[in-house]
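See below for target_32.cif, which holds mmCIF, C-alpha atoms.
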data_input
#
loop_
_atom_site.label_atom_id
_atom_site.label_comp_id
_atom_site.auth_asym_id
_atom_site.auth_seq_id
_atom_site.Cartn_x
_atom_site.Cartn_y
_atom_site.Cartn_z
CA CYS X 6 0.00 0.00 0.00
CA ALA X 7 1.46 3.38 -0.98
CA SER X 8 1.89 5.89 1.80
CA SER X 9 0.26 9.29 1.28
CA GLY X 10 2.37 10.76 4.05
CA ALA X 11 5.73 10.33 2.32
CA LEU X 12 8.04 13.30 1.78
CA HIS X 13 7.98 14.30 -1.87
CA LEU X 14 11.15 16.06 -2.98
CA ILE X 15 11.33 18.38 -5.97
CA PRO X 16 13.75 16.99 -8.57
CA ARG X 17 16.99 18.94 -8.32
CA ARG X 18 16.95 20.23 -11.89
CA PHE X 19 13.59 21.96 -11.32
CA ARG X 20 14.49 23.80 -8.11
CA LYS X 21 16.00 26.75 -9.96
CA ASN X 22 14.02 29.65 -11.37
CA ILE X 23 10.68 28.73 -9.80
CA SER X 24 8.56 30.97 -7.57
CA LYS X 25 7.68 30.23 -3.95
CA LYS X 26 4.14 29.38 -5.06
CA GLN X 27 5.48 26.90 -7.61
CA GLN X 28 7.79 25.44 -4.97
CA SER X 29 4.81 24.99 -2.66
CA ILE X 30 2.86 23.23 -5.41
CA MET X 31 5.73 20.98 -6.43
CA SER X 32 6.42 20.01 -2.82
CA LYS X 33 2.92 18.48 -2.66
CA LEU X 34 3.28 16.44 -5.83
CA VAL X 35 3.76 12.67 -5.77
CA TYR X 36 6.53 11.69 -8.15
CA GLY X 37 7.15 8.21 -9.46
CA SER X 38 10.57 8.39 -7.82
CA ASP X 39 8.79 8.69 -4.45
CA ASP X 40 6.14 6.02 -4.93
CA GLN X 41 7.09 2.54 -6.10
CA LEU X 42 3.64 1.76 -7.50
CA PHE X 43 3.45 4.88 -9.64
CA PHE X 44 7.09 4.37 -10.63
CA CYS X 45 6.14 0.96 -12.04
CA ILE X 46 3.26 2.50 -13.98
CA GLU X 47 5.52 5.16 -15.48
CA LYS X 48 8.09 2.50 -16.34
CA VAL X 49 5.50 0.30 -18.11
CA GLN X 50 4.06 3.28 -19.97
CA ALA X 51 7.51 4.38 -21.15
CA SER X 52 8.48 0.84 -22.20
CA GLN X 53 5.36 0.65 -24.38
CA GLY X 54 6.17 4.01 -25.93
CA LYS X 55 2.67 5.25 -25.18
CA PRO X 56 1.78 8.68 -23.79
CA PHE X 57 -0.70 8.85 -20.92
CA GLY X 58 -2.77 11.12 -23.14
CA ARG X 59 -6.36 11.24 -21.94
CA LEU X 60 -6.35 9.52 -18.55
CA LEU X 61 -9.24 8.13 -16.51
CA ASP X 62 -8.69 7.81 -12.76
CA ALA X 63 -11.54 5.37 -12.17
CA GLY X 64 -11.44 5.59 -8.37
CA THR X 65 -9.72 8.83 -7.51
CA GLY X 66 -8.25 10.17 -4.28
CA THR X 67 -5.91 12.95 -3.25
CA HIS X 68 -2.84 10.69 -3.52
CA SER X 69 -3.44 9.65 -7.13
CA LEU X 70 -4.44 13.23 -7.98
CA ARG X 71 -1.07 14.47 -6.71
CA TRP X 72 0.67 11.95 -8.96
CA ILE X 73 -1.46 12.91 -11.96
CA SER X 74 -0.66 16.55 -11.26
CA SER X 75 3.06 15.80 -11.36
CA LEU X 76 2.59 14.64 -14.95
CA ILE X 77 0.79 17.87 -15.85
CA VAL X 78 2.52 20.75 -14.08
CA GLY X 79 5.99 19.24 -14.02
CA GLU X 80 8.26 19.49 -17.03
CA ARG X 81 9.84 16.14 -16.35
CA MET X 82 7.49 14.29 -18.73
CA GLU X 83 8.10 16.54 -21.72
CA ASP X 84 11.26 14.73 -22.83
CA ASN X 85 9.81 11.20 -22.95
CA GLY X 86 6.27 11.99 -24.11
CA LEU X 87 4.43 10.75 -21.01
CA LYS X 88 2.68 14.00 -20.14
CA ILE X 89 -1.07 13.83 -19.49
CA GLU X 90 -3.24 15.84 -21.88
CA HIS X 91 -6.47 15.64 -19.88
CA TYR X 92 -7.70 13.68 -16.88
CA THR X 93 -11.10 12.55 -15.65
CA ALA X 94 -11.18 11.69 -11.95
CA VAL X 95 -14.19 9.69 -10.72
CA THR X 96 -15.37 9.05 -7.17
CA ALA X 97 -18.65 7.74 -5.75
CA ASP X 98 -18.25 9.83 -2.60
CA GLU X 99 -19.23 13.50 -2.57
CA LYS X 100 -16.88 14.34 0.32
CA MET X 101 -13.97 12.79 -1.59
CA ARG X 102 -14.95 14.72 -4.72
CA LEU X 103 -14.78 17.99 -2.79
CA ASN X 104 -11.41 17.03 -1.27
CA VAL X 105 -9.97 16.13 -4.68
CA LEU X 106 -11.40 19.29 -6.25
CA LYS X 107 -9.76 21.42 -3.55
CA GLU X 108 -6.48 19.56 -4.09
CA ALA X 109 -6.69 20.10 -7.85
CA THR X 110 -7.34 23.81 -7.31
CA ASP X 111 -4.41 24.12 -4.91
CA LEU X 112 -2.15 22.35 -7.40
CA GLY X 113 -3.36 24.44 -10.32
CA VAL X 114 -4.69 21.54 -12.43
CA GLU X 115 -8.45 22.07 -12.04
CA ASP X 116 -8.71 23.37 -15.62
CA THR X 117 -6.84 20.39 -17.09
CA GLY X 118 -9.42 17.79 -16.13
CA ASP X 119 -12.82 16.92 -14.72
CA ILE X 120 -13.58 15.67 -11.22
CA ILE X 121 -16.95 13.99 -11.18
CA ILE X 122 -19.10 11.98 -8.79
CA GLY X 123 -20.68 8.82 -10.09
CA ASN X 124 -21.04 5.08 -9.75
CA TRP X 125 -19.71 2.57 -12.29
CA GLN X 126 -22.85 0.52 -11.68
CA SER X 127 -24.96 3.22 -13.37
CA LYS X 128 -26.83 2.45 -16.59
CA ARG X 129 -27.94 4.50 -19.58
CA ASP X 130 -31.60 4.31 -18.57
CA ASP X 131 -30.85 5.73 -15.11
CA VAL X 132 -32.02 9.26 -14.38
CA GLU X 133 -28.45 10.60 -14.45
CA GLY X 134 -27.41 8.34 -17.33
CA GLU X 135 -24.38 6.08 -17.63
CA LEU X 136 -21.15 7.31 -16.08
CA CYS X 137 -18.68 8.58 -18.74
CA ASP X 138 -21.07 7.53 -21.47
CA GLY X 139 -19.23 7.56 -24.82
CA ASP X 140 -15.94 8.79 -23.37
CA GLN X 141 -12.72 7.08 -24.48
CA PHE X 142 -9.31 7.19 -22.79
CA ASP X 143 -5.74 6.31 -23.70
CA THR X 144 -4.97 5.24 -20.13
CA ILE X 145 -7.13 4.01 -17.25
CA LEU X 146 -5.95 3.93 -13.65
CA ALA X 147 -7.78 1.63 -11.22
CA ASP X 148 -5.99 2.56 -8.00
CA TYR X 149 -7.40 0.36 -5.20
CA LEU X 150 -10.74 0.61 -7.00
CA VAL X 151 -11.86 -3.02 -6.75
CA GLY X 152 -11.21 -3.25 -3.01
CA ALA X 153 -13.23 -0.09 -2.31
CA MET X 154 -16.21 -1.04 -4.46
CA ASP X 155 -18.02 -2.96 -1.73
CA GLY X 156 -18.75 0.35 -0.03
CA PHE X 157 -20.45 1.92 -3.05
CA SER X 158 -21.40 -0.76 -5.58
CA PRO X 159 -21.38 -4.14 -3.78
CA TYR X 160 -21.66 -7.32 -5.86
CA TYR X 161 -20.53 -5.43 -8.98
CA GLN X 162 -16.85 -6.29 -8.70
CA ASP X 163 -17.09 -9.03 -11.34
CA GLN X 164 -18.44 -6.48 -13.82
CA ILE X 165 -16.00 -3.62 -13.29
CA PHE X 166 -13.44 -4.62 -15.93
CA PRO X 167 -15.99 -5.12 -18.75
CA ARG X 168 -17.41 -1.76 -17.66
CA LEU X 169 -14.04 0.01 -17.82
CA VAL X 170 -12.87 -1.62 -21.06
CA LYS X 171 -15.71 0.15 -22.86
CA HIS X 172 -13.83 3.38 -22.23
CA LEU X 173 -10.36 2.17 -23.24
CA LYS X 174 -9.17 3.21 -26.67
CA PRO X 175 -7.73 0.44 -28.91
CA GLY X 176 -4.13 -0.09 -27.89
CA GLY X 177 -4.65 1.77 -24.60
CA LEU X 178 -3.35 0.64 -21.22
CA ILE X 179 -5.15 -0.04 -17.94
CA HIS X 180 -3.17 -0.08 -14.71
CA VAL X 181 -4.66 -1.94 -11.75
CA ILE X 182 -3.38 -1.40 -8.21
CA GLY X 183 -4.69 -3.52 -5.37
CA LEU X 184 -3.97 -5.32 -2.15
CA ASN X 185 -4.08 -9.03 -1.42
CA PRO X 186 -6.72 -9.92 1.18
CA ILE X 187 -5.40 -9.73 4.75
CA PRO X 188 -5.93 -13.11 6.46
CA ASP X 189 -7.89 -13.50 9.70
CA LYS X 190 -4.81 -14.89 11.44
CA ALA X 191 -1.07 -15.05 10.85
CA PRO X 192 1.73 -16.79 12.75
CA GLY X 193 3.88 -14.85 15.18
CA ASP X 194 4.11 -11.06 15.29
CA ALA X 195 2.49 -10.78 11.86
CA ASP X 196 -0.84 -11.47 13.56
CA ILE X 197 -0.78 -7.90 14.91
CA PHE X 198 -1.48 -6.68 11.38
CA CYS X 199 -4.48 -9.02 11.14
CA ARG X 200 -5.84 -7.78 14.46
CA VAL X 201 -5.46 -4.15 13.40
CA ARG X 202 -7.43 -4.94 10.25
CA LYS X 203 -10.24 -6.41 12.38
CA LEU X 204 -10.27 -3.27 14.54
CA ARG X 205 -10.40 -1.08 11.44
CA ASP X 206 -13.31 -3.06 10.02
CA ALA X 207 -15.17 -2.91 13.34
CA CYS X 208 -14.85 0.90 13.34
CA ILE X 209 -16.10 1.08 9.75
CA LEU X 210 -19.13 -1.08 10.56
CA LEU X 211 -19.95 0.86 13.74
CA ALA X 212 -19.85 4.05 11.68
CA GLY X 213 -22.55 2.57 9.45
CA HIS X 214 -20.37 1.93 6.41
CA ARG X 215 -19.38 -1.17 4.47
CA CYS X 216 -15.87 -2.59 4.83
CA TYR X 217 -13.28 -2.87 2.10
CA ARG X 218 -13.11 -6.20 0.31
CA GLU X 219 -9.84 -6.98 -1.39
CA TYR X 220 -9.32 -9.69 -4.03
CA PRO X 221 -6.25 -11.85 -4.74
CA VAL X 222 -4.14 -11.42 -7.86
CA ASP X 223 -5.47 -14.56 -9.58
CA TRP X 224 -9.07 -13.31 -9.20
CA ILE X 225 -8.11 -9.97 -10.75
CA GLU X 226 -6.24 -11.64 -13.61
CA ARG X 227 -9.14 -14.02 -14.39
CA HIS X 228 -11.65 -11.22 -14.62
CA MET X 229 -9.35 -9.00 -16.65
CA GLU X 230 -8.86 -11.83 -19.15
CA ARG X 231 -12.62 -12.37 -19.37
CA ALA X 232 -12.97 -8.68 -20.20
CA GLY X 233 -10.49 -9.08 -23.07
CA LEU X 234 -7.58 -7.47 -21.24
CA ASN X 235 -4.22 -9.18 -21.45
#

Using structure tokens, write down the structure from this file.
Amino acid sequence: CASSGALHLIPRRFRKNISKKQQSIMSKLVYGSDDQLFFCIEKVQASQGKPFGRLLDAGTGTHSLRWISSLIVGERMEDNGLKIEHYTAVTADEKMRLNVLKEATDLGVEDTGDIIIGNWQSKRDDVEGELCDGDQFDTILADYLVGAMDGFSPYYQDQIFPRLVKHLKPGGLIHVIGLNPIPDKAPGDADIFCRVRKLRDACILLAGHRCYREYPVDWIERHMERAGLN
């Protein structure tokens, strides 16, 4: 799991000739060099020779938004063609949408993309219509999306990849980040982690919400293959 509390350093070659406001913005950004998961995504994207282009953050949060922003406001992506042209950030939670919108405004990228609230379980005949109906993207990011779905669209996890692939341009890339399920028990000191997870879930339930439900890698791979992703 990536830590959102990590210290994000401005690359040395960009520290010169930037204002204090720009320094403040860049100090908040999440660079691939700071986050191993996003580093892997950048590495895969570069190895394929594909720009991020139009990017869909299918389950957004402030951490992924800070990484996306680093690909927009930073000049570091100009040389290798990975810069994002436009982003669409989706969340099913209104509070999260407001948090991400504030973050985008603070980082100066609110005009480069759209931050919308919606549920991937929506259909065209719904009152509000189907989420992202007709939109196509070069890159799709599913950052801990599947594990969080039980709180907003339970029992729809097996349909999420066919739903997302409708919005992926031919030859586009989808990046899936997740977490293996935490077992109920583990031998030795590792069991502390399992007990903390139980405490977390108890707090979530007492607050009247649904718990996260993670899926193992083989489950994710099976359902991606069934959706025509390989």

Which residues, written as a list in words, have at least one atom at most 8 Å from region 209-219 of chain X, with all atoms listed in the file counted and residues fewer than 2 positions away on the same chain left out? Val151, Gly152, Ala153, Met154, Asp155, Gly156, Gly183, Leu184, Asn185, Pro186, Arg205, Asp206, Ala207 and Pro221 of chain X

Here's the selection I'm unsure about, the PyMOL selection byres ((chain X and resi 172) around 9); applied to the file above, which residues does it give, as a list in words?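 Checked against the file, the PyMOL selection byres ((chain X and resi 172) around 9) matches Leu61, Cys137, Asp138, Gly139, Asp140, Gln141, Phe142, Asp143, Ile145, Arg168, Leu169, Val170, Lys171, Leu173 and Lys174 of chain X.
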
Grab the CA of Val49 (chain X) to CA of Ser75 (chain X) distance for me, in Å with one decimal place. 17.1 Å

Go ahead and compute the interatomic distance for CA of Val201 (chain X) and CA of Gly64 (chain X), in Å to one decimal.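 CA of Gly64 (chain X) lies 24.6 Å from CA of Val201 (chain X).
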
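Between CA of Glu47 (chain X) and CA of Phe157 (chain X) there is a distance of 29.0 Å.
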
Spatial neighbours of Gly118 (chain X), max dist 10 Å, all atoms listed in the file, sep filter under 2 positions, as a list in words: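 Here the answer would be Arg59, Leu60, Leu61, Ile89, Glu90, His91, Tyr92, Thr93, Ala94, Ala109, Val114, Glu115, Asp116, Ile120 and Ile121 of chain X.
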
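Closest approach to Ile77 (chain X) from the set X:Val35, X:Ala51, X:Ala97, X:Leu103 is made by X:Val35, with distances taken over all atoms listed in the file.
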
For Ile225 (chain X), find every residue with an atom within 9 Å (counting all atoms listed in the file), except residues of its own chain fewer than 5 positions away, and show them as an NGL selection string. :X and (151 or 181 or 220 or 230)
